[in-house]
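Text of coords.txt (compact mmCIF, C-alpha atoms) as supplied:
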# COMPACT_ATOMS: atom_id res chain seq x y z
CA MET K 1 -40.74 -83.57 124.83
CA GLU K 2 -38.22 -81.81 127.03
CA ASN K 3 -35.39 -83.72 128.70
CA ARG K 4 -34.08 -82.44 132.00
CA VAL K 5 -32.06 -83.57 134.99
CA ILE K 6 -33.77 -83.26 138.34
CA LYS K 7 -31.59 -83.46 141.44
CA THR K 8 -33.81 -84.58 144.31
CA ASP K 9 -34.60 -87.51 146.55
CA CYS K 10 -36.05 -90.24 144.32
CA LEU K 11 -38.94 -90.87 146.72
CA ASP K 12 -40.00 -87.22 146.63
CA LEU K 13 -40.00 -87.27 142.84
CA LEU K 14 -41.75 -90.63 142.56
CA ARG K 15 -44.48 -89.53 144.96
CA SER K 16 -45.14 -86.47 142.80
CA LEU K 17 -45.72 -88.54 139.65
CA GLU K 18 -49.10 -89.70 138.39
CA THR K 19 -50.11 -93.33 138.87
CA ASP K 20 -49.67 -95.49 135.73
CA SER K 21 -47.78 -92.72 133.88
CA ILE K 22 -44.29 -94.10 133.13
CA ASP K 23 -43.23 -96.79 130.62
CA VAL K 24 -39.75 -97.71 131.89
CA ILE K 25 -37.64 -96.85 134.91
CA LEU K 26 -33.88 -97.43 134.78
CA THR K 27 -32.14 -97.14 138.12
CA ASP K 28 -28.74 -97.72 139.67
CA PRO K 29 -29.40 -97.67 143.42
CA PRO K 30 -26.78 -98.20 146.13
CA TYR K 31 -25.74 -101.87 146.42
CA ASN K 32 -25.29 -102.10 150.21
CA ILE K 33 -21.65 -103.09 149.77
CA LYS K 34 -20.48 -100.51 152.30
CA ILE K 35 -18.10 -98.52 150.09
CA ALA K 36 -19.32 -95.29 151.72
CA GLU K 37 -21.84 -94.11 154.30
CA TRP K 38 -24.56 -93.69 151.63
CA ASP K 39 -24.04 -97.35 150.64
CA ASP K 40 -24.28 -98.91 154.12
CA PHE K 41 -27.74 -99.99 155.28
CA GLY K 42 -26.45 -101.94 158.28
CA SER K 43 -28.01 -105.22 157.17
CA ASN K 44 -29.58 -106.88 154.16
CA GLU K 45 -32.93 -106.72 155.98
CA ASN K 46 -32.73 -102.91 156.20
CA TYR K 47 -31.61 -102.80 152.59
CA ARG K 48 -34.60 -104.92 151.47
CA LYS K 49 -37.01 -102.64 153.37
CA TRP K 50 -35.50 -99.59 151.64
CA ILE K 51 -35.83 -101.29 148.24
CA GLU K 52 -39.47 -102.08 148.98
CA GLU K 53 -40.11 -98.45 149.97
CA TRP K 54 -39.02 -96.99 146.63
CA GLY K 55 -40.08 -100.13 144.75
CA ARG K 56 -43.73 -99.59 145.78
CA GLU K 57 -43.62 -96.10 144.31
CA VAL K 58 -41.96 -97.31 141.10
CA PHE K 59 -44.62 -100.02 140.80
CA ARG K 60 -47.37 -97.42 141.28
CA VAL K 61 -46.11 -94.99 138.64
CA LEU K 62 -45.34 -97.60 135.97
CA LYS K 63 -48.00 -98.28 133.36
CA LYS K 64 -49.49 -101.76 132.97
CA ASP K 65 -46.72 -103.89 131.47
CA GLY K 66 -44.15 -101.23 132.46
CA LEU K 67 -40.56 -102.28 133.07
CA ILE K 68 -38.05 -101.63 135.80
CA ILE K 69 -34.39 -102.13 134.93
CA SER K 70 -32.14 -101.95 137.96
CA PHE K 71 -28.40 -102.42 138.31
CA SER K 72 -27.23 -104.34 141.34
CA GLY K 73 -24.17 -105.66 143.10
CA HIS K 74 -23.24 -109.31 142.68
CA LYS K 75 -23.35 -109.88 146.45
CA THR K 76 -26.73 -108.20 147.01
CA TYR K 77 -28.67 -108.94 143.80
CA HIS K 78 -30.81 -111.48 145.67
CA VAL K 79 -31.95 -108.78 148.11
CA LEU K 80 -32.86 -106.36 145.31
CA ALA K 81 -34.76 -109.06 143.38
CA THR K 82 -36.63 -110.21 146.49
CA GLY K 83 -37.54 -106.66 147.50
CA LEU K 84 -38.88 -105.78 144.05
CA GLU K 85 -40.73 -109.08 143.80
CA ASN K 86 -42.29 -108.42 147.23
CA VAL K 87 -43.89 -105.18 145.95
CA GLY K 88 -45.44 -106.89 142.93
CA PHE K 89 -42.87 -107.01 140.16
CA LYS K 90 -42.54 -110.21 138.20
CA ILE K 91 -38.99 -111.15 137.30
CA LYS K 92 -38.66 -110.91 133.54
CA ASP K 93 -34.95 -111.56 133.29
CA MET K 94 -31.53 -110.94 134.74
CA VAL K 95 -28.77 -109.82 132.42
CA GLU K 96 -25.11 -109.22 133.18
CA TRP K 97 -22.88 -106.27 132.56
CA VAL K 98 -19.53 -108.03 132.10
CA TYR K 99 -16.30 -106.06 132.09
CA TRP K 100 -12.61 -106.71 132.35
CA SER K 101 -11.19 -106.59 135.83
CA THR K 102 -7.90 -105.64 137.36
CA MET K 103 -5.98 -108.09 139.51
CA PRO K 104 -7.66 -109.35 142.69
CA LYS K 105 -7.03 -107.28 145.79
CA LYS K 106 -5.67 -108.93 148.92
CA HIS K 107 -7.00 -112.50 149.05
CA ASN K 108 -10.38 -111.79 147.43
CA LEU K 109 -11.38 -112.28 143.82
CA LYS K 110 -12.50 -109.10 142.08
CA SER K 111 -15.96 -109.10 140.58
CA CYS K 112 -16.08 -108.71 136.81
CA HIS K 113 -19.83 -108.35 136.44
CA GLU K 114 -22.90 -106.56 137.70
CA PRO K 115 -26.30 -108.24 137.51
CA ILE K 116 -29.15 -106.18 136.07
CA PHE K 117 -32.69 -106.93 137.26
CA ILE K 118 -35.45 -106.66 134.67
CA GLY K 119 -38.93 -106.73 136.16
CA VAL K 120 -42.37 -106.17 134.72
CA LYS K 121 -45.50 -104.78 136.33
CA GLY K 122 -47.87 -106.84 134.19
CA ASP K 123 -47.58 -109.84 131.93
CA VAL K 124 -44.16 -111.42 132.25
CA SER K 125 -44.58 -113.12 128.87
CA ARG K 126 -44.60 -109.72 127.12
CA LYS K 127 -41.99 -109.72 124.36
CA LEU K 128 -39.37 -107.00 124.72
CA ASN K 129 -38.54 -104.97 121.63
CA THR K 130 -34.94 -105.76 120.78
CA ASP K 131 -34.92 -104.35 117.25
CA ASN K 132 -32.18 -101.87 118.16
CA VAL K 133 -29.81 -104.42 119.73
CA ASP K 134 -26.54 -104.87 117.84
CA ARG K 135 -26.42 -108.65 117.89
CA LYS K 136 -22.77 -108.69 116.76
CA SER K 137 -21.74 -107.11 120.04
CA VAL K 138 -23.74 -109.49 122.25
CA VAL K 139 -21.63 -112.29 123.68
Here is a file; write its structure as structure tokens.
Amino acid sequence: MENRVIKTDCLDLLRSLETDSIDVILTDPPYNIKIAEWDDFGSNENYRKWIEEWGREVFRVLKKDGLIISFSGHKTYHVLATGLENVGFKIKDMVEWVYWSTMPKKHNLKSCHEPIFIGVKGDVSRKLNTDNVDRKSVV
């Protein structure tokens, strides 16, 4: 199998894929935390609608029991999870990427984690294969 990087709009690519053809999709979409123009959806409602737009296509292309793994921001995880649940994903789990942080800026605490949504298209009781997880490094 050939690996390649494709630079395109994710919706264009998703729409070109066959239904029920992908096992896992890993994505790191914008978080709607307004760090730049591309990350500002105006409101959480607009953000949820955008998530549902690409989420429907991801749901379509994933095989039965396929997984979506999506990074999120700590302040907008609930919007991502709701949007993906609205298009049919069942929430399998939420894991955290925890990292060391610098000092807080101004009067705000600095986030030291990013939630990661794990959703399944089919049976949420499906056991995930964790044979390759280094359990010594899991906290």
**Item:** Test item: residues at most 9 Å from Arg48 (chain K), all atoms listed in the file, excluding those fewer than 6 positions along its chain, as a VMD selection string
**Value:** chain K and resid 79 to 80 82 to 84
**Request:** Give me the residues within 9 Å of region 85-88 of chain K as a list of chain:residue names, counting all atoms listed in the file and dropping any in the same chain fewer than 6 places off.
**Result:**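 Result of the neighbour search: K:Glu52, K:Glu53, K:Gly55, K:Arg56, K:Phe59, K:Gly119, K:Val120, K:Lys121.
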**Exercise: Val58 (chain K) partners within 10 Å, only C-alpha atoms, chain neighbours under 6 positions left out, as a ChimeraX atom specification** = /K:10-11,14-15,17,19-20,22,24-25,52,66-68,84,87,89,121
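Residues in contact range of Ser43 (chain K), defined as at most 12 Å between all atoms listed in the file, with sequence neighbours fewer than 3 positions away removed, read K:Tyr31, K:Asn32, K:Ile33, K:Lys34, K:Asp39, K:Asp40, K:Asn46, K:Tyr47, K:Arg48, K:Lys49, K:Trp50, K:Thr76, K:Val79.
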**Nearest to Lys92 (chain K), chosen from K:Phe117, K:Trp54, K:Phe71, K:Trp38, with all atoms listed in the file counted in the distances** =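 Under the stated criterion, the closest residue is K:Phe117.
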**Prompt:** To one decimal place, how far is CA of Phe41 (chain K) from CA of Ile118 (chain K) in Å?
**Reply:**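 Taking CA of Phe41 (chain K) and CA of Ile118 (chain K), their separation equals 23.0 Å.
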Region 79-95 of chain K: axis-aligned bounding box, 4 Å on each side, centre and edge lengths in Å, one decimal, as AutoDock Vina command-line options:
--center_x -37.1 --center_y -108.4 --center_z 140.3 --size_x 24.7 --size_y 14.4 --size_z 23.7
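Proximity of K:Asp65, K:Ile51, K:Val5, K:Val95 to Pro30 (chain K), computed with all atoms listed in the file, is greatest for K:Ile51.
Ranking K:Tyr99, K:Ser70, K:Asp12, K:Arg4 by their shortest atom-to-atom distance to Leu26 (chain K), with only C-alpha atoms included, puts K:Ser70 first.
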**Message:** What's the separation between CA of Leu62 (chain K) and CA of Lys75 (chain K), in Å to one decimal place?
**Reply:**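 Interatomic distance, CA of Leu62 (chain K) to CA of Lys75 (chain K): 27.3 Å.
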**Distance criterion (only C-alpha atoms): nearest to Ile116 (chain K) out of K:Glu45, K:Asp28, K:Glu37, K:Asp9** =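 The answer is K:Asp28, which sits nearest to Ile116 (chain K).
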**Request:** Mind giving me the straight-line distance from CA of Ile6 (chain K) to CA of Ala36 (chain K) in Å, one decimal?
**Result:** 23.1 Å
**Item:** Among the residues K:Cys112, K:Val98, K:Thr8, K:Lys64, the one that comes closest to Ser21 (chain K) [using all atoms listed in the file]
**Value:**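 Going through K:Cys112, K:Val98, K:Thr8, K:Lys64 one by one, the smallest distance to Ser21 (chain K) is for K:Lys64.
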